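Asker: Dropping in entry-v3.txt, with compact mmCIF, C-alpha atoms.
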```txt
# COMPACT_ATOMS: atom_id res chain seq x y z
CA MET K 274 -43.33 -62.50 93.27
CA SER K 275 -42.03 -64.95 95.83
CA SER K 276 -44.40 -67.47 97.43
CA GLN K 277 -44.00 -65.87 100.87
CA ALA K 278 -44.58 -62.40 99.47
CA ALA K 279 -47.61 -63.62 97.54
CA ALA K 280 -49.01 -65.32 100.63
CA ALA K 281 -48.58 -62.14 102.61
CA GLY K 282 -49.94 -59.98 99.82
CA VAL K 283 -46.72 -57.96 99.72
CA PRO K 284 -45.07 -57.17 96.35
CA ALA K 285 -41.67 -58.83 95.92
CA HIS K 286 -40.08 -55.58 94.80
CA ARG K 287 -40.94 -54.06 98.18
CA ASN K 288 -39.10 -56.88 99.95
CA THR K 289 -36.10 -56.37 97.65
CA ALA K 290 -36.06 -52.64 98.29
CA ALA K 291 -36.25 -53.25 102.03
CA LEU K 292 -33.35 -55.70 101.82
CA VAL K 293 -31.21 -53.21 99.88
CA TRP K 294 -32.03 -50.45 102.36
CA HIS K 295 -31.17 -52.77 105.27
CA GLN K 296 -27.76 -53.46 103.71
CA VAL K 297 -27.09 -49.77 103.10
CA ARG K 298 -28.04 -49.04 106.71
CA TYR K 299 -25.73 -51.82 107.91
CA GLU K 300 -22.79 -50.32 106.00
CA GLN K 301 -23.55 -46.87 107.39
CA LEU K 302 -23.77 -48.14 110.97
CA SER K 303 -20.51 -50.05 110.56
CA PHE K 304 -18.85 -46.91 109.24
CA TRP K 305 -20.03 -44.57 111.99
CA ARG K 306 -19.19 -47.05 114.76
CA ASN K 307 -15.55 -46.24 114.04
CA PRO K 308 -15.65 -42.48 114.65
CA GLN K 309 -11.89 -42.04 114.44
CA SER K 310 -11.78 -43.46 110.92
CA ALA K 311 -14.86 -41.49 109.88
CA PHE K 312 -13.39 -38.25 111.25
CA PHE K 313 -10.19 -38.53 109.24
CA ILE K 314 -11.98 -39.57 106.06
CA PHE K 315 -13.86 -36.26 106.17
CA ALA K 316 -11.14 -34.16 107.80
CA PHE K 317 -8.24 -35.04 105.49
CA PRO K 318 -9.59 -33.42 102.28
CA LEU K 319 -10.76 -30.37 104.26
CA PHE K 320 -7.34 -30.04 105.85
CA PHE K 321 -5.69 -30.32 102.45
CA PHE K 322 -8.06 -27.73 101.00
CA VAL K 323 -7.23 -25.28 103.80
CA ILE K 324 -3.49 -25.71 103.16
CA LEU K 325 -3.84 -25.16 99.41
CA ALA K 326 -6.20 -22.23 99.96
CA GLY K 327 -3.64 -20.63 102.27
CA VAL K 328 -0.89 -21.06 99.70
CA PHE K 329 -2.71 -20.01 96.52
CA GLY K 330 -5.79 -18.10 97.75
CA ASN K 331 -7.69 -16.09 95.15
CA ALA K 332 -4.65 -15.49 92.97
CA THR K 333 -5.00 -16.66 89.39
CA LEU K 334 -3.53 -20.14 89.25
CA ALA K 335 -3.91 -20.83 85.53
CA ARG K 336 -5.77 -19.93 82.38
CA ILE K 337 -7.89 -22.87 81.27
CA GLY K 338 -9.68 -22.56 77.97
CA GLY K 339 -8.76 -18.88 77.89
CA ARG K 340 -10.46 -18.27 81.23
CA PRO K 341 -8.55 -17.26 84.40
CA VAL K 342 -9.04 -19.74 87.24
CA THR K 343 -8.12 -18.89 90.82
CA GLY K 344 -6.43 -21.33 93.16
CA LEU K 345 -9.58 -21.62 95.28
CA GLN K 346 -11.78 -22.38 92.27
CA TYR K 347 -9.30 -24.94 90.96
CA TYR K 348 -8.83 -26.77 94.25
CA THR K 349 -12.52 -26.81 95.12
CA SER K 350 -13.12 -29.00 92.08
CA THR K 351 -9.98 -31.16 92.28
CA ILE K 352 -10.27 -31.85 96.03
CA VAL K 353 -13.91 -32.83 95.49
CA ALA K 354 -12.67 -35.23 92.80
CA VAL K 355 -9.95 -36.75 94.97
CA SER K 356 -12.43 -37.17 97.84
CA VAL K 357 -14.82 -39.12 95.62
CA MET K 358 -11.94 -41.26 94.38
CA GLY K 359 -10.74 -41.89 97.92
CA ALA K 360 -14.16 -43.02 99.13
CA CYS K 361 -15.23 -44.98 96.06
CA TYR K 362 -11.92 -46.48 94.98
CA SER K 363 -9.42 -46.61 97.84
CA GLN K 364 -11.81 -47.26 100.72
CA LEU K 365 -13.84 -49.81 98.75
CA ALA K 366 -10.81 -51.78 97.56
CA VAL K 367 -9.27 -51.96 101.04
CA THR K 368 -12.59 -52.81 102.72
CA LEU K 369 -13.28 -55.70 100.36
CA SER K 370 -9.73 -57.03 100.75
CA VAL K 371 -9.97 -56.99 104.55
CA ARG K 372 -13.42 -58.60 104.59
CA ARG K 373 -12.28 -61.34 102.23
CA GLN K 374 -9.21 -62.18 104.30
CA ASP K 375 -11.21 -62.12 107.55
CA GLY K 376 -13.65 -64.61 106.04
CA ILE K 377 -16.58 -62.18 106.14
CA LEU K 378 -17.22 -62.41 102.41
CA LYS K 379 -17.12 -66.19 102.50
CA ARG K 380 -19.67 -66.28 105.34
CA LEU K 381 -21.89 -63.77 103.57
CA ARG K 382 -21.75 -65.88 100.43
CA GLY K 383 -23.20 -68.77 102.45
CA THR K 384 -26.20 -66.75 103.63
CA PRO K 385 -29.46 -66.11 101.72
CA LEU K 386 -28.31 -62.51 101.09
CA PRO K 387 -27.95 -62.06 97.31
CA ALA K 388 -24.44 -61.06 96.27
CA TRP K 389 -25.71 -58.09 94.29
CA VAL K 390 -27.48 -56.70 97.36
CA MET K 391 -24.22 -56.75 99.32
CA PHE K 392 -22.43 -54.90 96.52
CA VAL K 393 -25.24 -52.38 96.06
CA GLY K 394 -25.22 -51.66 99.80
CA LEU K 395 -21.45 -51.19 99.91
CA VAL K 396 -21.30 -49.09 96.75
CA ALA K 397 -24.25 -46.93 97.88
CA HIS K 398 -22.49 -46.36 101.20
CA CYS K 399 -19.27 -45.28 99.45
CA VAL K 400 -21.20 -42.94 97.15
CA MET K 401 -22.99 -41.40 100.15
CA VAL K 402 -19.66 -40.82 101.95
CA SER K 403 -18.17 -39.24 98.83
CA LEU K 404 -21.18 -36.92 98.41
CA VAL K 405 -20.92 -35.79 102.04
CA ASP K 406 -17.23 -35.07 101.42
CA ALA K 407 -18.13 -33.09 98.30
CA VAL K 408 -20.73 -31.00 100.17
CA LEU K 409 -18.24 -30.22 102.95
CA ILE K 410 -15.58 -29.09 100.47
CA VAL K 411 -18.01 -26.95 98.49
CA GLY K 412 -19.16 -25.40 101.76
CA MET K 413 -15.55 -24.71 102.74
CA GLY K 414 -15.00 -23.09 99.35
CA LEU K 415 -17.99 -20.82 99.91
CA LEU K 416 -16.51 -19.76 103.25
CA TYR K 417 -13.33 -18.77 101.40
CA GLY K 418 -15.28 -16.74 98.86
CA VAL K 419 -15.50 -19.17 95.98
CA PRO K 420 -18.56 -18.29 93.84
CA MET K 421 -21.52 -20.62 94.12
CA PRO K 422 -21.53 -23.03 91.15
CA GLY K 423 -24.45 -22.61 88.80
CA HIS K 424 -24.55 -25.94 86.97
CA TRP K 425 -25.74 -28.18 89.79
CA ALA K 426 -27.28 -30.78 87.46
CA VAL K 427 -23.91 -31.10 85.71
CA ILE K 428 -22.12 -31.46 89.05
CA ILE K 429 -24.50 -34.14 90.35
CA VAL K 430 -24.43 -36.20 87.15
CA THR K 431 -20.63 -35.94 86.92
CA LEU K 432 -20.22 -36.99 90.56
CA VAL K 433 -22.54 -39.98 90.09
CA ILE K 434 -20.74 -41.15 86.92
CA GLY K 435 -17.35 -40.66 88.57
CA ALA K 436 -18.40 -42.42 91.77
CA ALA K 437 -19.84 -45.39 89.86
CA ALA K 438 -16.72 -45.69 87.70
CA PHE K 439 -14.31 -45.56 90.63
CA CYS K 440 -16.43 -48.01 92.63
CA ALA K 441 -16.16 -50.47 89.72
CA MET K 442 -12.40 -49.93 89.60
CA GLY K 443 -12.15 -50.36 93.37
CA VAL K 444 -13.86 -53.76 93.20
CA ALA K 445 -11.63 -54.71 90.25
CA VAL K 446 -8.43 -53.83 92.14
CA ALA K 447 -9.71 -55.66 95.24
CA SER K 448 -10.12 -58.79 93.11
CA LEU K 449 -6.40 -58.64 92.20
CA ILE K 450 -5.01 -58.04 95.71
CA ARG K 451 -3.59 -61.18 97.32
CA ASN K 452 -4.03 -60.25 101.00
CA ALA K 453 -5.32 -57.48 103.24
CA GLU K 454 -1.85 -56.43 104.40
CA ALA K 455 -0.90 -55.57 100.84
CA ALA K 456 -4.15 -53.75 100.06
CA PRO K 457 -3.23 -50.18 101.15
CA ALA K 458 0.12 -50.33 99.36
CA VAL K 459 -1.35 -51.71 96.14
CA VAL K 460 -4.21 -49.22 96.17
CA GLN K 461 -1.97 -46.21 96.75
CA PHE K 462 0.67 -47.42 94.29
CA ILE K 463 -1.96 -47.14 91.57
CA PHE K 464 -3.76 -44.09 92.95
CA PHE K 465 -1.10 -41.55 93.92
CA PRO K 466 0.95 -41.45 90.69
CA LEU K 467 -2.23 -40.88 88.69
CA VAL K 468 -3.40 -38.17 91.09
CA PHE K 469 -0.13 -36.25 90.73
CA ILE K 470 0.30 -36.51 86.96
CA SER K 471 -3.37 -35.60 86.49
CA GLY K 472 -3.00 -32.08 87.87
CA THR K 473 -4.92 -32.61 91.09
CA TYR K 474 -2.55 -30.61 93.29
CA PHE K 475 -0.80 -28.44 90.70
CA GLN K 476 -0.99 -27.68 87.00
CA ILE K 477 1.05 -30.02 84.81
CA THR K 478 2.94 -28.16 82.08
CA SER K 479 4.33 -31.24 80.34
CA ARG K 480 2.32 -31.95 77.21
CA PHE K 481 3.45 -35.59 77.29
CA LEU K 482 2.17 -36.10 80.87
CA ASN K 483 -1.09 -34.34 80.09
CA ASP K 484 -1.66 -36.53 77.03
CA LEU K 485 -0.72 -39.63 79.00
CA ALA K 486 -2.97 -38.76 81.96
CA ALA K 487 -5.89 -38.12 79.61
CA PHE K 488 -6.08 -41.87 78.92
CA PHE K 489 -6.53 -42.66 82.62
CA PRO K 490 -9.64 -41.82 84.70
CA VAL K 491 -8.30 -39.23 87.18
CA ARG K 492 -7.52 -36.34 84.84
CA PRO K 493 -10.83 -36.65 82.93
CA PHE K 494 -12.68 -36.59 86.26
CA ASN K 495 -10.79 -33.46 87.32
CA GLN K 496 -11.57 -31.77 84.02
CA ALA K 497 -15.22 -32.80 84.09
CA LEU K 498 -15.62 -31.15 87.51
CA LEU K 499 -13.62 -28.06 86.54
CA ASN K 500 -16.24 -27.28 83.91
CA PRO K 501 -19.13 -26.52 86.30
CA PHE K 502 -17.01 -25.42 89.28
CA ALA K 503 -14.54 -23.02 87.68
CA LEU K 504 -15.31 -22.53 83.98
CA ASP K 505 -19.12 -22.04 84.10
CA ARG K 506 -19.57 -24.74 81.49
CA GLY K 507 -21.80 -27.77 81.07
CA PHE K 508 -21.01 -31.42 80.57
CA ALA K 509 -17.52 -32.50 79.48
CA GLY K 510 -18.68 -35.22 77.10
CA ARG K 511 -15.31 -36.72 76.13
CA GLN K 512 -14.06 -36.83 79.71
CA LEU K 513 -17.26 -38.46 80.94
CA LEU K 514 -16.98 -41.03 78.16
CA VAL K 515 -13.44 -41.90 79.30
CA LEU K 516 -14.74 -42.30 82.86
CA ALA K 517 -17.58 -44.51 81.70
CA ILE K 518 -15.21 -46.72 79.69
CA TRP K 519 -12.95 -47.19 82.71
CA GLY K 520 -16.02 -48.04 84.77
CA VAL K 521 -17.07 -50.70 82.26
CA VAL K 522 -13.53 -52.13 82.17
CA GLY K 523 -13.41 -52.17 85.96
CA GLY K 524 -16.80 -53.86 86.15
CA PHE K 525 -15.71 -56.51 83.62
CA VAL K 526 -12.53 -57.31 85.59
CA ALA K 527 -14.49 -57.37 88.86
CA ILE K 528 -17.06 -59.83 87.48
CA ARG K 529 -14.43 -62.11 85.98
CA ARG K 530 -11.88 -62.07 88.81
CA PHE K 531 -13.67 -61.32 92.08
CA ARG K 532 -13.05 -63.90 94.81
CA TRP K 533 -15.12 -64.57 97.93
CA ASP K 534 -12.59 -66.88 99.60
CA PRO K 535 -9.17 -65.81 100.90
CA ARG K 536 -6.45 -66.79 98.48
CA PRO K 537 -4.14 -69.47 99.94
CA GLU K 538 -0.63 -68.19 100.60
```
Before anything else, please render the file you have as structure tokens.
Answerer:
Amino acid sequence: MSSQAAAAGVPAHRNTAALVWHQVRYEQLSFWRNPQSAFFIFAFPLFFFVILAGVFGNATLARIGGRPVTGLQYYTSTIVAVSVMGACYSQLAVTLSVRRQDGILKRLRGTPLPAWVMFVGLVAHCVMVSLVDAVLIVGMGLLYGVPMPGHWAVIIVTLVIGAAAFCAMGVAVASLIRNAEAAPAVVQFIFFPLVFISGTYFQITSRFLNDLAAFFPVRPFNQALLNPFALDRGFAGRQLLVLAIWGVVGGFVAIRRFRWDPRPE
């Protein structure tokens, strides 16, 4: 308990919780004050889902684990996955790179705000955005006749693990980017190849590519969400373990390499 909190008779943990909530609220207000950016963050995955739904519809797209999966079932889960990755990896990495180059991180480091509170607020904001995206896509799937998923606990836990892992990787990549101008290119250079070889937009028939993609985080995340969305199954233990390992690796790199000051050119 801090001396001020003790003098006021207020538990320190309450002050900490209030500080974290204030930071989360700050990130949310900053996000919604740019309505054009917010609109496209939510609209892009919905637009992509509508295109894929129009192309594949309720026709059987593939047989996974001996079970027929329609295009709508498949893309409900994979577009949810790519939305979470976009919010928790791409958006986070670019945001941190821009704030570092603009000197915002350096100024924040000089304030009494604990560094972990800033990161918790930013990560919580990204997770909230990704969950809103996921709800919108599931709702769009229901409008197109996709059956309501039954394993909601599995979905929520998988989304939380995936969001945490990709947030850690986003901070790790941000720590390796030299300047804000390069951030979008670096982020997408890593992100898009993995998205495509991981079967996000179409089934990959190459055994080599499937085996290769299984070592990276995108394909395991897709498969972990396919279980409750399309296959009526529970947790995908091996895939979640791969995600967790990538999250730990990302967190380790972020802790060791993260910079608050802009790197001199």
Asker: Which residue, K:Arg382, K:Pro420, K:Arg451, K:Ala436, has the smallest gap to K:Met401 when you use only C-alpha atoms?
Answerer: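 The closest residue to K:Met401 is K:Ala436.
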Asker: What gap, in Å, lies between atom CA of K:Gly330 and atom CA of K:Trp425?
Answerer: 23.7 Å
Asker: By how many Å are atom CA of K:Ile429 and atom CA of K:Ala509 apart?
Answerer: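 That distance, rounded to one decimal, is 13.0 Å.
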Asker: Got a sec: who's within 10 Å of K:Leu449, counting all atoms listed in the file, leaving out chain neighbours fewer than 4 positions off, as a tab-separated table (two decimals) with C-alpha atoms, in the frame of the given file?
Answerer:
```tsv
chain	number	residue	atom	x	y	z
K	366	ALA	CA	-10.81	-51.78	97.56
K	370	SER	CA	-9.73	-57.03	100.75
K	444	VAL	CA	-13.86	-53.76	93.20
K	445	ALA	CA	-11.63	-54.71	90.25
K	456	ALA	CA	-4.15	-53.75	100.06
K	459	VAL	CA	-1.35	-51.71	96.14
K	526	VAL	CA	-12.53	-57.31	85.59
K	527	ALA	CA	-14.49	-57.37	88.86
K	530	ARG	CA	-11.88	-62.07	88.81
K	531	PHE	CA	-13.67	-61.32	92.08
K	532	ARG	CA	-13.05	-63.90	94.81
```
Asker: Looking at only C-alpha atoms, which of K:Pro385, K:Gly472, K:Pro535, K:Gly394 is the one that sits closest to K:Val297?
Answerer: K:Gly394
Asker: Could you tell me, as a ChimeraX atom specification, which residues have any atom at most 10 Å from (-10.9, -28.2, 86.2), counting all atoms listed in the file?
Answerer: /K:337,342,346-351,354,472-473,476,492-504
Asker: Set up a box along x, y and z of the file covering all listed atoms of stretch 450-459 of chain K, add 5 Å on every one of the six sides, and write the centre and edge lengths in Å to one decimal, as JSON.
Answerer:
```
{"center_x": -2.6, "center_y": -55.7, "center_z": 100.1, "size_x": 15.4, "size_y": 21.0, "size_z": 18.7}
```
Asker: Choose the residue, out of K:Ala437, K:Asn452, K:Ala397, K:Leu409, that has the smallest atom-to-atom separation from K:Trp294; count only C-alpha atoms.
Answerer: K:Ala397
Asker: From the list K:Phe488, K:Tyr474, K:Phe329, K:Phe322, which residue is nearest K:Val411 when using all atoms listed in the file?
Answerer: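 Result for the nearest residue to K:Val411: K:Phe322.
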Asker: Would it be fine to have stretch 302-322 of chain K, with N, CA, C and O atoms, given as a PDB file, in the first residue's frame?
Answerer:
```
ATOM      1  N   LEU K 302     -10.545   5.949 -26.535  1.00  0.00           N
ATOM      2  CA  LEU K 302     -10.904   7.283 -27.020  1.00  0.00           C
ATOM      3  C   LEU K 302     -10.025   7.698 -28.193  1.00  0.00           C
ATOM      4  O   LEU K 302     -10.514   8.276 -29.174  1.00  0.00           O
ATOM      5  N   SER K 303      -8.736   7.392 -28.119  1.00  0.00           N
ATOM      6  CA  SER K 303      -7.835   7.714 -29.223  1.00  0.00           C
ATOM      7  C   SER K 303      -8.246   6.981 -30.489  1.00  0.00           C
ATOM      8  O   SER K 303      -8.187   7.533 -31.598  1.00  0.00           O
ATOM      9  N   PHE K 304      -8.665   5.744 -30.323  1.00  0.00           N
ATOM     10  CA  PHE K 304      -9.076   4.934 -31.473  1.00  0.00           C
ATOM     11  C   PHE K 304     -10.337   5.486 -32.125  1.00  0.00           C
ATOM     12  O   PHE K 304     -10.403   5.675 -33.341  1.00  0.00           O
ATOM     13  N   TRP K 305     -11.347   5.787 -31.334  1.00  0.00           N
ATOM     14  CA  TRP K 305     -12.629   6.216 -31.882  1.00  0.00           C
ATOM     15  C   TRP K 305     -12.620   7.662 -32.347  1.00  0.00           C
ATOM     16  O   TRP K 305     -13.543   8.095 -33.047  1.00  0.00           O
ATOM     17  N   ARG K 306     -11.597   8.431 -31.983  1.00  0.00           N
ATOM     18  CA  ARG K 306     -11.491   9.802 -32.481  1.00  0.00           C
ATOM     19  C   ARG K 306     -11.000   9.851 -33.919  1.00  0.00           C
ATOM     20  O   ARG K 306     -10.935  10.927 -34.514  1.00  0.00           O
ATOM     21  N   ASN K 307     -10.636   8.699 -34.456  1.00  0.00           N
ATOM     22  CA  ASN K 307     -10.300   8.599 -35.874  1.00  0.00           C
ATOM     23  C   ASN K 307     -11.316   7.663 -36.518  1.00  0.00           C
ATOM     24  O   ASN K 307     -11.034   6.488 -36.780  1.00  0.00           O
ATOM     25  N   PRO K 308     -12.536   8.163 -36.779  1.00  0.00           N
ATOM     26  CA  PRO K 308     -13.610   7.269 -37.228  1.00  0.00           C
ATOM     27  C   PRO K 308     -13.330   6.616 -38.572  1.00  0.00           C
ATOM     28  O   PRO K 308     -13.793   5.505 -38.828  1.00  0.00           O
ATOM     29  N   GLN K 309     -12.586   7.288 -39.436  1.00  0.00           N
ATOM     30  CA  GLN K 309     -12.293   6.687 -40.736  1.00  0.00           C
ATOM     31  C   GLN K 309     -11.453   5.425 -40.575  1.00  0.00           C
ATOM     32  O   GLN K 309     -11.735   4.381 -41.176  1.00  0.00           O
ATOM     33  N   SER K 310     -10.425   5.510 -39.737  1.00  0.00           N
ATOM     34  CA  SER K 310      -9.592   4.339 -39.479  1.00  0.00           C
ATOM     35  C   SER K 310     -10.399   3.235 -38.809  1.00  0.00           C
ATOM     36  O   SER K 310     -10.305   2.056 -39.191  1.00  0.00           O
ATOM     37  N   ALA K 311     -11.203   3.600 -37.812  1.00  0.00           N
ATOM     38  CA  ALA K 311     -12.011   2.605 -37.104  1.00  0.00           C
ATOM     39  C   ALA K 311     -12.988   1.916 -38.056  1.00  0.00           C
ATOM     40  O   ALA K 311     -13.180   0.695 -37.997  1.00  0.00           O
ATOM     41  N   PHE K 312     -13.592   2.693 -38.948  1.00  0.00           N
ATOM     42  CA  PHE K 312     -14.568   2.116 -39.887  1.00  0.00           C
ATOM     43  C   PHE K 312     -13.928   1.036 -40.738  1.00  0.00           C
ATOM     44  O   PHE K 312     -14.471  -0.061 -40.900  1.00  0.00           O
ATOM     45  N   PHE K 313     -12.751   1.321 -41.295  1.00  0.00           N
ATOM     46  CA  PHE K 313     -12.137   0.359 -42.198  1.00  0.00           C
ATOM     47  C   PHE K 313     -11.558  -0.836 -41.459  1.00  0.00           C
ATOM     48  O   PHE K 313     -11.480  -1.936 -42.025  1.00  0.00           O
ATOM     49  N   ILE K 314     -11.151  -0.652 -40.209  1.00  0.00           N
ATOM     50  CA  ILE K 314     -10.682  -1.796 -39.427  1.00  0.00           C
ATOM     51  C   ILE K 314     -11.802  -2.814 -39.252  1.00  0.00           C
ATOM     52  O   ILE K 314     -11.582  -4.034 -39.337  1.00  0.00           O
ATOM     53  N   PHE K 315     -13.029  -2.337 -39.044  1.00  0.00           N
ATOM     54  CA  PHE K 315     -14.161  -3.244 -38.889  1.00  0.00           C
ATOM     55  C   PHE K 315     -14.776  -3.645 -40.227  1.00  0.00           C
ATOM     56  O   PHE K 315     -15.282  -4.757 -40.378  1.00  0.00           O
ATOM     57  N   ALA K 316     -14.737  -2.748 -41.205  1.00  0.00           N
ATOM     58  CA  ALA K 316     -15.404  -3.006 -42.477  1.00  0.00           C
ATOM     59  C   ALA K 316     -14.620  -3.973 -43.361  1.00  0.00           C
ATOM     60  O   ALA K 316     -15.215  -4.774 -44.092  1.00  0.00           O
ATOM     61  N   PHE K 317     -13.283  -3.900 -43.318  1.00  0.00           N
ATOM     62  CA  PHE K 317     -12.489  -4.720 -44.236  1.00  0.00           C
ATOM     63  C   PHE K 317     -12.757  -6.208 -44.085  1.00  0.00           C
ATOM     64  O   PHE K 317     -13.020  -6.900 -45.085  1.00  0.00           O
ATOM     65  N   PRO K 318     -12.692  -6.799 -42.871  1.00  0.00           N
ATOM     66  CA  PRO K 318     -12.967  -8.239 -42.769  1.00  0.00           C
ATOM     67  C   PRO K 318     -14.398  -8.597 -43.148  1.00  0.00           C
ATOM     68  O   PRO K 318     -14.642  -9.661 -43.725  1.00  0.00           O
ATOM     69  N   LEU K 319     -15.360  -7.709 -42.840  1.00  0.00           N
ATOM     70  CA  LEU K 319     -16.744  -7.977 -43.239  1.00  0.00           C
ATOM     71  C   LEU K 319     -16.885  -7.969 -44.753  1.00  0.00           C
ATOM     72  O   LEU K 319     -17.567  -8.817 -45.344  1.00  0.00           O
ATOM     73  N   PHE K 320     -16.228  -7.012 -45.389  1.00  0.00           N
ATOM     74  CA  PHE K 320     -16.260  -6.925 -46.846  1.00  0.00           C
ATOM     75  C   PHE K 320     -15.649  -8.182 -47.466  1.00  0.00           C
ATOM     76  O   PHE K 320     -16.176  -8.750 -48.424  1.00  0.00           O
ATOM     77  N   PHE K 321     -14.539  -8.622 -46.903  1.00  0.00           N
ATOM     78  CA  PHE K 321     -13.871  -9.816 -47.411  1.00  0.00           C
ATOM     79  C   PHE K 321     -14.751 -11.042 -47.207  1.00  0.00           C
ATOM     80  O   PHE K 321     -14.822 -11.926 -48.072  1.00  0.00           O
ATOM     81  N   PHE K 322     -15.422 -11.108 -46.062  1.00  0.00           N
ATOM     82  CA  PHE K 322     -16.308 -12.239 -45.794  1.00  0.00           C
ATOM     83  C   PHE K 322     -17.448 -12.282 -46.807  1.00  0.00           C
ATOM     84  O   PHE K 322     -17.802 -13.356 -47.311  1.00  0.00           O
TER      85      PHE K 322
END
```
